[in-house]
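**Student:** This structure is in structure tokens; I'll ask about it shortly.
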Amino acid sequence: MDSVLDSIMGSASYGDVPLTTLILSLLLACVIGQVIGWIYMWTHVSPSYSRSFSASMVTLPVIVALMMILMAGSTAIAFGLLAVFAVVRFRNVLKDTRDTTFVLWAIVEGMGVGTMHYAESLCGLIVIGCLIGYLRVTDFGGRHQFDAFLSLDLKGSHSNFEQQLASILQRHAMKWAQSGETQLAGDETSISYQVLLRDPARSDELRQDLLDHQAVKQMSLFVHDRDTET
């Protein structure tokens with residue numbers, strides 16, 4: 001038993017990289033990845049924003065750091081890794097960046113265990129696993145300024161019912177912003193809002209309250225997917 005433990009702990013360093021340096025490298029990669037994720041969130045302006053992509057920006061530096069530590073000084077490991085990537089790349093089409101991150105993580109962990117770098121594999125498993133748990137708990141990458149789009153056709157001018165509509169919205173939403181207003185035939189008005197709901201699961205209650213209002217002729221409420229920009 002002691003010989004088994006010694007063999008595992010003996011692999012705690014690869015070349016001139018001790019265990020403490022390995023852990024420090026992975027933690028530093030976590031910090032750098034999170035800064036990259038924050039910058040991406042702050043600078044992204046197009047409608048294609050994805051929360052899972054932002055979270056992947058945090059995880060990838062750690063996985064790549066672990067991969068480079070395993071590959072350092074070993075041409076055989078480097079070529080073996082490229083061969084595995086080629087098989088995965090051409091036989092599987094992954095549409096979600098998060099799925100690609102998990103495939104990469106699994107490949108690197110398998111490579112580490114297969115080349116008997118047990119300590120590196122275990123450290124990577126713990127650090128990356130805790131990091132993914134942290135991203136899940138904190139909802140990293142979420143930019144939920146608004147999570148629903150509301151359109152109303154009113155039987156009259158919006159100004160006549162503005163306070164009543166605001167009272168209904170206040171019961172169901174944390175904030176809202178008017179995004180458009182169009183004058184329809186006669187004195188009818190079409191108005192649209194961007195809304196941040198208090199509880200998206202109870203959006204039907206907002207629909208019902210609005211439909212029960214005498215001023216609302218027709219309405220539509222679209223709740224966005226939480227993984228996309230709202």
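Order determines the names: the first chain of the structure tokens is A, the second B, and so forth; residues in each chain are numbered 1 upward, and ligands are numbered 1 upward as they are shown.
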As JSON, numbers by chain, list the residues of stretch 74-189 of chain A assigned to helix (DSSP H, G or I) by DSSP on the backbone atoms of this structure.
**Tutor:** {"A": [75, 76, 77, 78, 79, 80, 81, 82, 83, 84, 85, 86, 87, 88, 89, 90, 91, 97, 98, 99, 100, 101, 102, 103, 104, 105, 106, 107, 108, 109, 110, 111, 112, 113, 114, 118, 119, 120, 121, 122, 123, 124, 125, 126, 127, 128, 129, 130, 131, 132, 133, 134, 135, 136, 137, 138, 158, 159, 160, 161, 162, 163, 164, 165, 166, 167, 168, 169, 170, 171, 172]}
**Student:** Give me, as a PyMOL selection string, all polymer residues having an atom no more than 8 Å from stretch 197-214 of chain A, counting only C-alpha atoms and skipping those fewer than 3 positions away in the same chain.
**Tutor:** chain A and resi 146-148+165+168-169+172-175+217-221+223
**Student:** Export, as a CSV table (one decimal), in the first residue's frame, the selected residues with N, CA and C atoms.
**Tutor:**
```csv
chain,number,residue,atom,x,y,z
A,146,PHE,N,-32.9,42.5,-18.7
A,146,PHE,CA,-34.3,42.2,-18.9
A,146,PHE,C,-34.4,40.8,-19.4
A,147,ASP,N,-35.5,40.1,-19.0
A,147,ASP,CA,-35.7,38.7,-19.4
A,147,ASP,C,-37.0,38.4,-20.1
A,148,ALA,N,-37.7,39.5,-20.5
A,148,ALA,CA,-39.0,39.3,-21.2
A,148,ALA,C,-39.3,40.5,-22.1
A,165,LEU,N,-51.1,50.6,-15.7
A,165,LEU,CA,-50.2,49.6,-16.2
A,165,LEU,C,-49.0,49.5,-15.4
A,168,ILE,N,-49.6,47.4,-12.4
A,168,ILE,CA,-49.6,45.9,-12.7
A,168,ILE,C,-48.2,45.4,-12.8
A,169,LEU,N,-47.4,46.2,-13.6
A,169,LEU,CA,-46.0,45.8,-13.8
A,169,LEU,C,-45.2,45.7,-12.5
A,172,HIS,N,-45.3,42.4,-10.7
A,172,HIS,CA,-44.7,41.2,-11.3
A,172,HIS,C,-43.2,41.4,-11.8
A,173,ALA,N,-42.8,42.7,-11.8
A,173,ALA,CA,-41.4,42.9,-12.4
A,173,ALA,C,-40.6,43.8,-11.5
A,174,MET,N,-39.3,43.5,-11.5
A,174,MET,CA,-38.4,44.3,-10.7
A,174,MET,C,-38.1,45.6,-11.4
A,175,LYS,N,-38.0,45.6,-12.8
A,175,LYS,CA,-37.9,46.9,-13.5
A,175,LYS,C,-38.4,46.6,-14.9
A,217,LYS,N,-56.5,45.4,-25.1
A,217,LYS,CA,-57.3,44.7,-26.1
A,217,LYS,C,-56.6,43.4,-26.5
A,218,GLN,N,-55.3,43.5,-26.6
A,218,GLN,CA,-54.5,42.3,-27.0
A,218,GLN,C,-53.1,42.4,-26.4
A,219,MET,N,-52.5,41.3,-26.0
A,219,MET,CA,-51.1,41.4,-25.4
A,219,MET,C,-50.3,40.1,-25.8
A,220,SER,N,-49.0,40.2,-25.8
A,220,SER,CA,-48.1,39.1,-26.0
A,220,SER,C,-46.9,39.3,-25.1
A,221,LEU,N,-46.5,38.2,-24.5
A,221,LEU,CA,-45.3,38.2,-23.5
A,221,LEU,C,-44.4,37.1,-23.9
A,223,VAL,N,-40.8,35.4,-22.9
A,223,VAL,CA,-39.8,35.2,-21.9
A,223,VAL,C,-38.5,34.6,-22.5
```
**Student:** Just how far from atom CA of A:Thr59 is atom CA of A:Thr101, in Å to one decimal?
**Tutor:**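 If I compute the distance from atom CA of A:Thr101 to atom CA of A:Thr59, I get 7.5 Å.
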**Student:** What parts of stretch 143-188 of chain A does DSSP call strand (DSSP E)? I'd like the answer as a PDB file with N, CA and C atoms, in the first residue's frame.
**Tutor:**
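Saved file result20.pdb follows:
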```
ATOM      1  N   ALA A 148     -37.698  39.498 -20.467  1.00  0.00           N
ATOM      2  CA  ALA A 148     -38.963  39.289 -21.177  1.00  0.00           C
ATOM      3  C   ALA A 148     -39.276  40.501 -22.055  1.00  0.00           C
ATOM      4  N   PHE A 149     -40.053  40.238 -23.109  1.00  0.00           N
ATOM      5  CA  PHE A 149     -40.512  41.304 -24.004  1.00  0.00           C
ATOM      6  C   PHE A 149     -42.036  41.307 -23.983  1.00  0.00           C
ATOM      7  N   LEU A 150     -42.619  42.461 -23.695  1.00  0.00           N
ATOM      8  CA  LEU A 150     -44.065  42.599 -23.546  1.00  0.00           C
ATOM      9  C   LEU A 150     -44.608  43.565 -24.587  1.00  0.00           C
ATOM     10  N   SER A 151     -45.664  43.147 -25.291  1.00  0.00           N
ATOM     11  CA  SER A 151     -46.311  43.997 -26.281  1.00  0.00           C
ATOM     12  C   SER A 151     -47.800  44.101 -25.949  1.00  0.00           C
ATOM     13  N   LEU A 152     -48.327  45.335 -25.947  1.00  0.00           N
ATOM     14  CA  LEU A 152     -49.722  45.580 -25.585  1.00  0.00           C
ATOM     15  C   LEU A 152     -50.417  46.411 -26.652  1.00  0.00           C
ATOM     16  N   ASP A 153     -51.645  46.037 -26.983  1.00  0.00           N
ATOM     17  CA  ASP A 153     -52.530  46.877 -27.795  1.00  0.00           C
ATOM     18  C   ASP A 153     -53.581  47.466 -26.861  1.00  0.00           C
ATOM     19  N   LEU A 154     -53.607  48.795 -26.740  1.00  0.00           N
ATOM     20  CA  LEU A 154     -54.477  49.473 -25.785  1.00  0.00           C
ATOM     21  C   LEU A 154     -55.670  50.124 -26.490  1.00  0.00           C
ATOM     22  N   ALA A 173     -42.756  42.653 -11.830  1.00  0.00           N
ATOM     23  CA  ALA A 173     -41.432  42.907 -12.411  1.00  0.00           C
ATOM     24  C   ALA A 173     -40.584  43.759 -11.487  1.00  0.00           C
ATOM     25  N   MET A 174     -39.281  43.507 -11.523  1.00  0.00           N
ATOM     26  CA  MET A 174     -38.352  44.327 -10.739  1.00  0.00           C
ATOM     27  C   MET A 174     -38.059  45.646 -11.440  1.00  0.00           C
ATOM     28  N   LYS A 175     -38.046  45.615 -12.772  1.00  0.00           N
ATOM     29  CA  LYS A 175     -37.885  46.856 -13.537  1.00  0.00           C
ATOM     30  C   LYS A 175     -38.403  46.625 -14.950  1.00  0.00           C
ATOM     31  N   TRP A 176     -38.678  47.709 -15.615  1.00  0.00           N
ATOM     32  CA  TRP A 176     -39.151  47.635 -17.000  1.00  0.00           C
ATOM     33  C   TRP A 176     -38.796  48.940 -17.708  1.00  0.00           C
ATOM     34  N   ALA A 177     -38.766  48.867 -19.031  1.00  0.00           N
ATOM     35  CA  ALA A 177     -38.447  50.043 -19.834  1.00  0.00           C
ATOM     36  C   ALA A 177     -39.263  50.003 -21.112  1.00  0.00           C
ATOM     37  N   GLN A 178     -39.865  51.137 -21.437  1.00  0.00           N
ATOM     38  CA  GLN A 178     -40.647  51.217 -22.667  1.00  0.00           C
ATOM     39  C   GLN A 178     -39.695  51.223 -23.856  1.00  0.00           C
ATOM     40  N   SER A 179     -39.948  50.336 -24.834  1.00  0.00           N
ATOM     41  CA  SER A 179     -39.058  50.235 -25.988  1.00  0.00           C
ATOM     42  C   SER A 179     -39.688  50.726 -27.288  1.00  0.00           C
ATOM     43  N   GLY A 180     -40.991  51.003 -27.269  1.00  0.00           N
ATOM     44  CA  GLY A 180     -41.628  51.502 -28.478  1.00  0.00           C
ATOM     45  C   GLY A 180     -43.092  51.833 -28.263  1.00  0.00           C
ATOM     46  N   GLU A 181     -43.615  52.711 -29.120  1.00  0.00           N
ATOM     47  CA  GLU A 181     -45.037  53.090 -29.057  1.00  0.00           C
ATOM     48  C   GLU A 181     -45.501  53.450 -30.465  1.00  0.00           C
ATOM     49  N   THR A 182     -46.640  52.863 -30.883  1.00  0.00           N
ATOM     50  CA  THR A 182     -47.162  53.084 -32.221  1.00  0.00           C
ATOM     51  C   THR A 182     -48.654  53.401 -32.148  1.00  0.00           C
ATOM     52  N   GLN A 183     -49.067  54.427 -32.874  1.00  0.00           N
ATOM     53  CA  GLN A 183     -50.472  54.794 -32.927  1.00  0.00           C
ATOM     54  C   GLN A 183     -51.177  53.923 -33.963  1.00  0.00           C
TER      55      GLN A 183
END
```
**Student:** Which distance in Å separates atom CA of A:Val31 and atom CA of A:Leu19, to one decimal?
**Tutor:**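 Between atom CA of A:Val31 and atom CA of A:Leu19 the gap works out to 18.7 Å.
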**Student:** Please provide the set of residues having any atom within 12 Å of A:Ala215, restricted to only C-alpha atoms, with same-chain residues fewer than 5 positions apart removed, written as a list in words.
**Tutor:**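 So the residues in contact are Leu152, Asp153, Leu154, Lys155, Gly156, Ser157, His158, Ser159, Asn160, Phe161, Glu162, Gln163, Gln164, Leu165, Asp187, Glu188, Thr189, Ser190, Asp209 and Leu210 of chain A.
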**Student:** Enter the distance from atom CA of A:Leu131 to atom CA of A:Val58, in Å, rounded to one decimal.
**Tutor:**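 Between these atoms lies a distance of 8.5 Å.
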**Student:** Would you mind telling me which residue in A:Ala78, A:Ala55, A:Ala29, A:Met68 lies nearest to A:Asp96 when using only C-alpha atoms?
**Tutor:**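 Closest to A:Asp96 of all the choices is A:Ala55.
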**Student:** May I ask which of the residues A:Thr115, A:Ser25, A:Ser121, A:Thr138 is the closest one to A:Ala65, counting only C-alpha atoms?
**Tutor:**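 Of the candidates, the smallest distance to A:Ala65 is held by A:Ser25.
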